[in-house]
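Quick look at run-v5.cif (mmCIF, C-alpha atoms):
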data_run
#
loop_
_atom_site.label_atom_id
_atom_site.label_comp_id
_atom_site.auth_asym_id
_atom_site.auth_seq_id
_atom_site.Cartn_x
_atom_site.Cartn_y
_atom_site.Cartn_z
CA LEU Q 1 191.84 38.79 108.30
CA THR Q 2 193.88 36.15 110.03
CA ARG Q 3 195.90 35.15 107.00
CA VAL Q 4 196.92 38.23 105.10
CA PRO Q 5 198.52 37.97 101.67
CA VAL Q 6 202.03 39.14 101.05
CA VAL Q 7 202.07 40.43 97.51
CA CYS Q 8 205.33 40.26 95.59
CA VAL Q 9 205.33 42.25 92.39
CA ARG Q 10 208.03 41.11 90.07
CA GLY Q 11 209.18 42.19 86.66
CA VAL Q 12 212.04 42.48 84.24
CA SER Q 13 212.47 45.64 82.24
CA LEU Q 14 213.84 46.14 78.76
CA ARG Q 15 217.42 45.19 78.08
CA GLN Q 16 219.65 48.19 78.58
CA ARG Q 17 221.36 47.72 75.25
CA GLY Q 18 220.50 45.82 72.10
CA SER Q 19 217.25 44.64 70.58
CA MET Q 20 214.66 42.51 72.30
CA ASP Q 21 214.17 38.92 71.20
CA SER Q 22 210.87 37.03 71.36
CA GLU Q 23 211.84 35.16 74.53
CA ALA Q 24 212.71 38.40 76.30
CA ASN Q 25 209.42 39.95 75.21
CA ARG Q 26 207.59 36.98 76.67
CA ARG Q 27 209.37 37.24 80.02
CA ASP Q 28 209.56 41.01 80.34
CA CYS Q 29 206.37 41.79 82.20
CA VAL Q 30 205.16 42.53 85.70
CA LYS Q 31 203.84 39.51 87.60
CA VAL Q 32 201.95 39.55 90.88
CA VAL Q 33 202.47 36.70 93.32
CA VAL Q 34 200.60 36.24 96.61
CA ARG Q 35 201.85 34.31 99.62
CA CYS Q 36 199.66 33.77 102.69
CA ARG Q 37 201.11 33.06 106.10
CA PRO Q 38 199.55 30.80 108.77
CA ARG Q 39 197.91 32.20 111.87
CA ASN Q 40 200.40 33.28 114.52
CA THR Q 41 200.26 32.29 118.19
CA ARG Q 42 198.27 35.35 119.21
CA GLU Q 43 195.68 34.74 116.52
CA VAL Q 44 195.36 31.07 117.43
CA GLU Q 45 194.94 31.85 121.13
CA ALA Q 46 192.29 34.45 120.25
CA ARG Q 47 190.52 31.75 118.21
CA GLN Q 48 190.49 33.92 115.14
CA ARG Q 49 189.33 31.99 112.10
CA GLU Q 50 191.07 31.74 108.77
CA VAL Q 51 189.24 33.70 106.09
CA VAL Q 52 191.65 33.23 103.17
CA THR Q 53 191.89 29.97 101.25
CA VAL Q 54 194.75 29.55 98.80
CA HIS Q 55 194.49 27.47 95.63
CA PRO Q 56 198.05 27.23 94.24
CA SER Q 57 197.02 25.01 91.32
CA ARG Q 58 194.58 27.69 90.14
CA ALA Q 59 196.79 30.64 91.15
CA SER Q 60 193.90 32.10 93.11
CA ILE Q 61 192.74 32.93 96.63
CA VAL Q 62 189.22 32.93 98.06
CA VAL Q 63 188.30 35.44 100.78
CA VAL Q 64 185.22 35.21 102.98
CA ASN Q 65 183.76 37.99 105.09
CA PRO Q 66 183.20 36.60 108.65
CA ALA Q 67 180.95 39.53 109.49
CA LYS Q 68 178.55 38.73 106.65
CA LYS Q 69 177.90 35.00 106.49
CA ASP Q 70 175.39 35.38 103.65
CA GLU Q 71 177.87 37.21 101.44
CA GLN Q 72 179.40 35.18 98.64
CA PRO Q 73 183.16 34.52 98.92
CA LYS Q 74 185.34 36.62 96.65
CA THR Q 75 187.92 35.03 94.39
CA PHE Q 76 191.08 36.78 93.23
CA THR Q 77 193.43 35.38 90.59
CA PHE Q 78 197.13 36.20 90.30
CA ASP Q 79 200.15 34.93 88.38
CA ALA Q 80 200.91 32.53 91.25
CA THR Q 81 199.76 31.91 94.81
CA TYR Q 82 201.48 30.19 97.73
CA ASP Q 83 199.86 28.89 100.88
CA SER Q 84 201.30 28.61 104.40
CA SER Q 85 203.02 25.31 103.59
CA SER Q 86 205.12 26.79 100.78
CA SER Q 87 208.88 26.62 101.26
CA GLN Q 88 211.32 29.49 100.90
CA LYS Q 89 213.34 27.65 98.23
CA ASN Q 90 210.29 26.73 96.18
CA LEU Q 91 209.07 30.32 96.25
CA TYR Q 92 212.47 31.60 95.17
CA ASP Q 93 212.89 29.06 92.37
CA GLN Q 94 209.47 29.82 90.91
CA THR Q 95 209.29 33.60 91.32
CA ALA Q 96 212.71 35.23 91.73
CA SER Q 97 215.22 32.87 90.15
CA SER Q 98 214.28 33.84 86.60
CA ILE Q 99 214.72 37.53 87.45
CA VAL Q 100 218.28 36.91 88.65
CA GLU Q 101 219.00 34.90 85.50
CA ASN Q 102 217.76 37.81 83.38
CA VAL Q 103 219.85 40.30 85.35
CA LEU Q 104 222.94 38.20 84.65
CA GLU Q 105 222.03 38.42 80.96
CA GLY Q 106 221.91 42.21 81.02
CA TYR Q 107 218.35 43.06 81.98
CA ASN Q 108 217.04 45.14 84.87
CA GLY Q 109 215.06 43.18 87.45
CA THR Q 110 212.97 44.05 90.49
CA VAL Q 111 211.30 42.13 93.31
CA PHE Q 112 208.91 44.33 95.27
CA ALA Q 113 207.33 43.02 98.47
CA TYR Q 114 204.15 44.74 99.61
CA GLY Q 115 201.79 44.11 102.51
CA GLN Q 116 200.60 45.31 105.90
CA THR Q 117 202.79 45.10 108.99
CA GLY Q 118 202.93 41.51 110.18
CA THR Q 119 202.03 39.85 106.88
CA GLY Q 120 205.41 38.17 106.45
CA LYS Q 121 207.36 40.44 104.09
CA THR Q 122 210.58 40.18 106.10
CA HIS Q 123 210.29 36.40 106.33
CA THR Q 124 209.75 36.12 102.58
CA MET Q 125 212.50 38.54 101.59
CA GLU Q 126 215.12 37.82 104.27
CA GLY Q 127 214.13 34.78 106.31
CA ILE Q 128 216.78 33.56 108.76
CA ASP Q 129 220.37 32.40 108.13
CA GLU Q 130 220.05 28.93 109.62
CA PRO Q 131 218.81 26.49 108.64
CA LYS Q 132 219.44 27.29 104.98
CA GLU Q 133 215.94 26.13 104.08
CA LEU Q 134 214.54 29.23 105.83
CA ARG Q 135 216.61 31.78 103.92
CA GLY Q 136 214.52 34.27 101.97
CA ILE Q 137 214.67 35.75 98.49
CA THR Q 138 217.53 38.16 99.21
CA PRO Q 139 220.13 35.65 100.52
CA ASN Q 140 219.06 33.10 97.90
CA ALA Q 141 219.62 35.73 95.21
CA PHE Q 142 223.10 36.47 96.59
CA GLN Q 143 223.98 32.78 96.42
CA HIS Q 144 222.51 32.45 92.95
CA ILE Q 145 224.47 35.40 91.57
CA PHE Q 146 227.88 34.33 92.83
CA ASP Q 147 227.31 30.66 92.00
CA LYS Q 148 226.46 31.61 88.41
CA ILE Q 149 229.49 33.90 88.15
CA ALA Q 150 231.78 31.14 89.44
CA LEU Q 151 230.50 28.77 86.73
CA THR Q 152 230.79 31.28 83.87
CA SER Q 153 234.17 31.45 82.14
CA ASN Q 154 233.38 33.37 78.95
CA LYS Q 155 232.01 36.54 80.60
CA LYS Q 156 233.14 39.08 83.15
CA PHE Q 157 230.78 40.46 85.78
CA LEU Q 158 230.87 43.59 87.94
CA VAL Q 159 228.73 43.39 91.08
CA ARG Q 160 227.80 46.62 92.82
CA ALA Q 161 225.53 47.08 95.84
CA SER Q 162 223.67 50.06 97.23
CA PHE Q 163 221.11 50.21 100.03
CA LEU Q 164 218.55 53.00 100.27
CA GLU Q 165 215.32 53.76 102.06
CA ILE Q 166 212.36 55.66 100.64
CA TYR Q 167 210.03 56.90 103.36
CA ASN Q 168 207.43 59.65 102.95
CA GLU Q 169 209.09 60.47 99.61
CA ASP Q 170 212.43 61.09 101.32
CA ILE Q 171 215.41 59.05 100.09
CA ARG Q 172 218.15 58.09 102.55
CA ASP Q 173 221.43 56.30 101.88
CA LEU Q 174 221.64 53.46 104.42
CA LEU Q 175 225.32 52.92 103.59
CA GLY Q 176 226.25 56.61 103.70
CA LYS Q 177 228.11 58.43 106.45
CA ASP Q 178 225.17 60.77 107.04
CA GLN Q 179 222.00 58.70 106.92
CA LYS Q 180 219.86 61.73 107.71
CA GLN Q 181 220.86 63.42 104.46
CA ARG Q 182 218.09 63.50 101.88
CA LEU Q 183 219.15 62.39 98.43
CA GLU Q 184 217.73 63.47 95.09
CA LEU Q 185 216.20 61.36 92.36
CA LYS Q 186 217.60 62.32 88.96
CA GLU Q 187 217.21 61.20 85.37
CA HIS Q 188 220.04 60.85 82.88
CA PRO Q 189 219.18 60.99 79.14
CA SER Q 190 221.21 57.82 78.47
CA ASN Q 191 221.35 55.91 81.77
CA GLY Q 192 217.82 56.58 83.00
CA VAL Q 193 216.68 57.24 86.58
CA TYR Q 194 219.27 57.26 89.37
CA VAL Q 195 219.83 58.56 92.90
CA LYS Q 196 222.44 61.30 93.07
CA ASP Q 197 225.38 60.67 95.47
CA LEU Q 198 224.13 57.19 96.45
CA THR Q 199 226.90 55.05 97.96
CA SER Q 200 227.89 52.03 95.88
CA TYR Q 201 230.32 49.23 96.73
CA VAL Q 202 231.99 46.79 94.35
CA LEU Q 203 231.69 43.28 95.77
CA LYS Q 204 233.51 40.05 94.96
CA THR Q 205 232.11 37.49 97.42
CA ILE Q 206 228.89 36.52 99.18
CA GLY Q 207 230.54 37.42 102.48
CA GLU Q 208 231.11 40.98 101.31
CA ILE Q 209 227.55 41.50 100.12
CA GLU Q 210 226.13 40.00 103.31
CA TYR Q 211 228.28 42.39 105.33
CA VAL Q 212 227.01 45.37 103.32
CA LEU Q 213 223.45 44.19 103.94
CA SER Q 214 224.06 43.92 107.68
CA VAL Q 215 225.55 47.43 107.81
CA GLY Q 216 222.56 48.87 105.97
CA LYS Q 217 220.08 47.16 108.26
CA LYS Q 218 221.66 48.77 111.34
#
Entire entry expressed as C-alpha coordinates:
Amino acid sequence: LTRVPVVCVRGVSLRQRGSMDSEANRRDCVKVVVRCRPRNTREVEARQREVVTVHPSRASIVVVNPAKKDEQPKTFTFDATYDSSSSQKNLYDQTASSIVENVLEGYNGTVFAYGQTGTGKTHTMEGIDEPKELRGITPNAFQHIFDKIALTSNKKFLVRASFLEIYNEDIRDLLGKDQKQRLELKEHPSNGVYVKDLTSYVLKTIGEIEYVLSVGKK
(Lines of atoms letter the chains of each structure in order from A and count residues from 1; the text may use other names and numbers.)
(Lines give C-alpha, C1' and ligand atoms only; values in the text may rest on other atoms or scores of the structure.)
Protein backbone atom coordinates (compact mmCIF):
# COMPACT_ATOMS: atom_id res chain seq x y z
CA LEU A 1 0.00 0.00 0.00
CA THR A 2 1.26 3.46 -0.77
CA ARG A 3 -1.28 5.29 1.37
CA VAL A 4 -1.72 3.47 4.63
CA PRO A 5 -4.48 4.43 7.05
CA VAL A 6 -3.71 5.78 10.46
CA VAL A 7 -6.48 4.55 12.70
CA CYS A 8 -7.40 6.65 15.71
CA VAL A 9 -9.65 4.88 18.18
CA ARG A 10 -11.39 7.32 20.41
CA GLY A 11 -13.82 6.98 23.26
CA VAL A 12 -15.14 8.42 26.46
CA SER A 13 -15.80 6.15 29.39
CA LEU A 14 -18.43 6.38 32.10
CA ARG A 15 -18.38 9.37 34.39
CA GLN A 16 -16.36 8.60 37.47
CA ARG A 17 -19.06 9.80 39.81
CA GLY A 18 -22.77 10.42 39.43
CA SER A 19 -25.41 9.08 37.08
CA MET A 20 -25.24 9.14 33.32
CA ASP A 21 -27.55 11.45 31.39
CA SER A 22 -28.91 10.74 27.91
CA GLU A 23 -26.39 13.04 26.21
CA ALA A 24 -23.49 11.30 27.94
CA ASN A 25 -24.85 7.90 26.93
CA ARG A 26 -25.00 9.07 23.33
CA ARG A 27 -21.40 10.30 23.36
CA ASP A 28 -19.83 7.60 25.50
CA CYS A 29 -18.74 5.09 22.90
CA VAL A 30 -15.65 4.03 21.00
CA LYS A 31 -15.28 5.60 17.56
CA VAL A 32 -12.80 4.60 14.87
CA VAL A 33 -11.39 7.29 12.60
CA VAL A 34 -9.06 6.68 9.65
CA ARG A 35 -6.64 9.20 8.18
CA CYS A 36 -4.62 8.43 5.04
CA ARG A 37 -1.38 10.18 4.25
CA PRO A 38 -0.12 11.09 0.76
CA ARG A 39 2.71 9.21 -0.91
CA ASN A 40 6.14 10.23 0.37
CA THR A 41 9.10 11.18 -1.82
CA ARG A 42 10.49 7.66 -1.92
CA GLU A 43 7.15 6.22 -2.99
CA VAL A 44 6.69 8.86 -5.68
CA GLU A 45 10.18 8.29 -7.08
CA ALA A 46 9.53 4.54 -7.12
CA ARG A 47 6.31 5.26 -9.06
CA GLN A 48 4.23 3.36 -6.57
CA ARG A 49 0.54 3.81 -7.23
CA GLU A 50 -2.10 4.87 -4.74
CA VAL A 51 -4.37 1.98 -3.81
CA VAL A 52 -6.52 3.67 -1.15
CA THR A 53 -9.26 6.13 -2.03
CA VAL A 54 -10.85 8.11 0.78
CA HIS A 55 -14.47 9.26 0.74
CA PRO A 56 -14.85 11.64 3.71
CA SER A 57 -18.50 12.42 2.93
CA ARG A 58 -19.35 8.71 3.21
CA ALA A 59 -16.87 8.00 6.03
CA SER A 60 -15.39 5.18 4.00
CA ILE A 61 -12.25 4.08 2.18
CA VAL A 62 -11.90 1.90 -0.92
CA VAL A 63 -8.86 -0.37 -1.28
CA VAL A 64 -7.77 -2.03 -4.52
CA ASN A 65 -5.34 -4.90 -4.86
CA PRO A 66 -2.73 -3.93 -7.52
CA ALA A 67 -1.61 -7.55 -7.81
CA LYS A 68 -5.09 -8.72 -8.79
CA LYS A 69 -6.63 -6.35 -11.29
CA ASP A 70 -9.75 -8.49 -11.68
CA GLU A 71 -10.49 -8.43 -7.96
CA GLN A 72 -13.28 -6.13 -6.86
CA PRO A 73 -12.22 -3.17 -4.68
CA LYS A 74 -13.00 -3.52 -1.00
CA THR A 75 -14.89 -0.82 0.88
CA PHE A 76 -14.51 -0.18 4.60
CA THR A 77 -16.73 2.19 6.58
CA PHE A 78 -15.72 3.95 9.79
CA ASP A 79 -17.06 6.72 12.01
CA ALA A 80 -15.05 9.25 10.00
CA THR A 81 -12.34 9.26 7.34
CA TYR A 82 -9.79 11.92 6.37
CA ASP A 83 -7.80 12.10 3.17
CA SER A 84 -4.32 13.53 2.57
CA SER A 85 -5.67 17.08 2.25
CA SER A 86 -7.17 17.10 5.76
CA SER A 87 -5.78 19.72 8.14
CA GLN A 88 -4.51 19.11 11.65
CA LYS A 89 -6.99 21.59 13.15
CA ASN A 90 -9.96 20.14 11.31
CA LEU A 91 -9.06 16.64 12.45
CA TYR A 92 -8.70 17.80 16.05
CA ASP A 93 -11.95 19.76 16.07
CA GLN A 94 -13.94 16.85 14.68
CA THR A 95 -12.38 13.91 16.53
CA ALA A 96 -10.56 14.93 19.71
CA SER A 97 -12.09 18.22 20.81
CA SER A 98 -15.24 16.59 22.17
CA ILE A 99 -13.13 14.16 24.22
CA VAL A 100 -11.29 17.04 25.91
CA GLU A 101 -14.61 18.77 26.59
CA ASN A 102 -15.92 15.60 28.24
CA VAL A 103 -12.75 15.24 30.32
CA LEU A 104 -13.24 18.77 31.61
CA GLU A 105 -16.76 17.72 32.63
CA GLY A 106 -15.49 14.78 34.67
CA TYR A 107 -15.30 11.90 32.22
CA ASN A 108 -12.35 9.72 31.26
CA GLY A 109 -11.20 10.11 27.67
CA THR A 110 -8.72 8.34 25.41
CA VAL A 111 -7.24 8.93 21.97
CA PHE A 112 -5.39 5.87 20.70
CA ALA A 113 -3.35 6.09 17.50
CA TYR A 114 -2.61 2.81 15.74
CA GLY A 115 -0.81 1.99 12.50
CA GLN A 116 2.32 0.58 10.93
CA THR A 117 5.64 2.41 11.07
CA GLY A 118 5.58 5.31 8.65
CA THR A 119 1.81 5.71 8.43
CA GLY A 120 1.77 9.15 10.07
CA LYS A 121 0.90 8.50 13.72
CA THR A 122 3.51 10.96 15.02
CA HIS A 123 2.39 13.64 12.57
CA THR A 124 -1.24 13.20 13.59
CA MET A 125 -0.60 13.09 17.34
CA GLU A 126 2.30 15.55 17.67
CA GLY A 127 2.88 17.37 14.40
CA ILE A 128 5.41 20.21 14.57
CA ASP A 129 5.43 23.36 16.72
CA GLU A 130 5.55 25.90 13.90
CA PRO A 131 3.54 26.86 12.04
CA LYS A 132 0.65 26.37 14.47
CA GLU A 133 -1.49 24.90 11.70
CA LEU A 134 0.74 21.79 11.74
CA ARG A 135 0.40 21.05 15.45
CA GLY A 136 -1.11 17.65 16.19
CA ILE A 137 -3.74 16.36 18.58
CA THR A 138 -1.53 16.46 21.68
CA PRO A 139 -0.46 20.15 21.56
CA ASN A 140 -3.96 21.16 20.44
CA ALA A 141 -5.38 19.33 23.45
CA PHE A 142 -2.96 21.14 25.77
CA GLN A 143 -4.07 24.49 24.37
CA HIS A 144 -7.73 23.50 24.58
CA ILE A 145 -7.48 22.44 28.23
CA PHE A 146 -5.78 25.56 29.52
CA ASP A 147 -7.88 27.89 27.38
CA LYS A 148 -11.05 26.34 28.81
CA ILE A 149 -9.72 26.56 32.37
CA ALA A 150 -8.84 30.24 31.89
CA LEU A 151 -12.42 30.98 30.77
CA THR A 152 -14.10 29.05 33.59
CA SER A 153 -14.71 30.98 36.81
CA ASN A 154 -17.18 28.75 38.66
CA LYS A 155 -15.02 25.60 38.80
CA LYS A 156 -11.57 24.62 39.99
CA PHE A 157 -9.37 22.26 37.99
CA LEU A 158 -6.37 20.12 38.93
CA VAL A 159 -4.16 19.13 35.99
CA ARG A 160 -1.77 16.23 36.44
CA ALA A 161 0.50 14.65 33.83
CA SER A 162 2.24 11.30 33.62
CA PHE A 163 4.13 9.75 30.72
CA LEU A 164 4.57 5.99 30.39
CA GLU A 165 5.57 3.46 27.78
CA ILE A 166 4.11 -0.01 27.34
CA TYR A 167 6.36 -2.25 25.25
CA ASN A 168 6.19 -6.05 25.14
CA GLU A 169 3.88 -5.85 28.17
CA ASP A 170 6.53 -4.01 30.19
CA ILE A 171 5.55 -0.63 31.66
CA ARG A 172 8.20 2.07 32.04
CA ASP A 173 7.88 5.50 33.63
CA LEU A 174 9.32 7.99 31.11
CA LEU A 175 9.38 10.72 33.77
CA GLY A 176 10.93 8.55 36.47
CA LYS A 177 14.52 8.60 37.68
CA ASP A 178 15.03 4.96 36.68
CA GLN A 179 13.39 4.46 33.30
CA LYS A 180 14.52 0.84 33.17
CA GLN A 181 12.41 -0.04 36.19
CA ARG A 182 9.35 -2.11 35.35
CA LEU A 183 6.15 -0.86 36.90
CA GLU A 184 3.10 -2.87 37.90
CA LEU A 185 -0.48 -2.49 36.75
CA LYS A 186 -2.87 -2.58 39.71
CA GLU A 187 -6.59 -2.28 40.29
CA HIS A 188 -8.20 -0.37 43.14
CA PRO A 189 -11.77 -1.33 44.16
CA SER A 190 -12.88 2.33 44.08
CA ASN A 191 -10.47 4.13 41.73
CA GLY A 192 -10.09 1.43 39.09
CA VAL A 193 -6.94 0.48 37.16
CA TYR A 194 -3.71 2.36 37.85
CA VAL A 195 0.07 2.03 37.52
CA LYS A 196 1.81 1.67 40.85
CA ASP A 197 4.57 4.25 41.58
CA LEU A 198 3.99 6.15 38.32
CA THR A 199 5.40 9.69 38.44
CA SER A 200 2.79 12.44 38.30
CA TYR A 201 3.30 16.21 38.08
CA VAL A 202 0.80 18.95 38.88
CA LEU A 203 0.85 21.52 36.08
CA LYS A 204 -0.45 25.08 35.88
CA THR A 205 0.56 26.30 32.41
CA ILE A 206 0.97 25.08 28.84
CA GLY A 207 4.69 25.73 29.14
CA GLU A 208 4.96 23.32 32.05
CA ILE A 209 3.09 20.52 30.32
CA GLU A 210 5.11 20.99 27.13
CA TYR A 211 8.30 20.74 29.18
CA VAL A 212 7.11 17.50 30.79
CA LEU A 213 6.33 16.12 27.34
CA SER A 214 9.79 17.03 26.06
CA VAL A 215 11.46 15.35 29.05
CA GLY A 216 9.47 12.18 28.52
CA LYS A 217 10.31 12.04 24.83
CA LYS A 218 14.05 12.10 25.58
Checklist entry - What does the PyMOL selection byres ((chain Q and resi 55) around 10) select in this file, as a VMD selection string? => result chain Q and resid 52 to 54 56 to 62 77 80 to 83
Checklist entry - Distance CA of Tyr194 in chain Q-CA of Arg182 in chain Q, one decimal place? => result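 So the answer is 14.0 Å.
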Next on the checklist: Show me the residues close to (219.7, 61.7, 95.1) - anything with an atom within 6 Å, counting all atoms listed in the file - and format the list as a list in words.
Outcome noted: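 These residues have at least one counted atom within 6 Å: Leu183, Glu184, Leu185, Val195, Lys196 and Asp197 of chain Q.
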File dump, residues just selected, C-alpha atoms, as a PDB file, in the coordinates of the input:
ATOM      1  CA  LEU Q 183     219.150  62.390  98.430  1.00  0.00           C
ATOM      2  CA  GLU Q 184     217.730  63.470  95.090  1.00  0.00           C
ATOM      3  CA  LEU Q 185     216.200  61.360  92.360  1.00  0.00           C
ATOM      4  CA  VAL Q 195     219.830  58.560  92.900  1.00  0.00           C
ATOM      5  CA  LYS Q 196     222.440  61.300  93.070  1.00  0.00           C
ATOM      6  CA  ASP Q 197     225.380  60.670  95.470  1.00  0.00           C
TER       7      ASP Q 197
END
Item to check | Nearest residue to Arg172 in chain Q from the set Q:Ile206, Q:Leu151, Q:Leu198, Q:Ala67 (distances using only C-alpha atoms) | outcome: Q:Leu198
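The two atoms in question, CA of Ile149 in chain Q and CA of Glu133 in chain Q, are spaced 22.3 Å apart.
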Checklist entry - Which residues, written as a VMD selection string, have at least one atom at most 8 Å from Pro139 in chain Q, with all atoms listed in the file counted and residues fewer than 4 positions away on the same chain left out? => result chain Q and resid 126 135 143 210
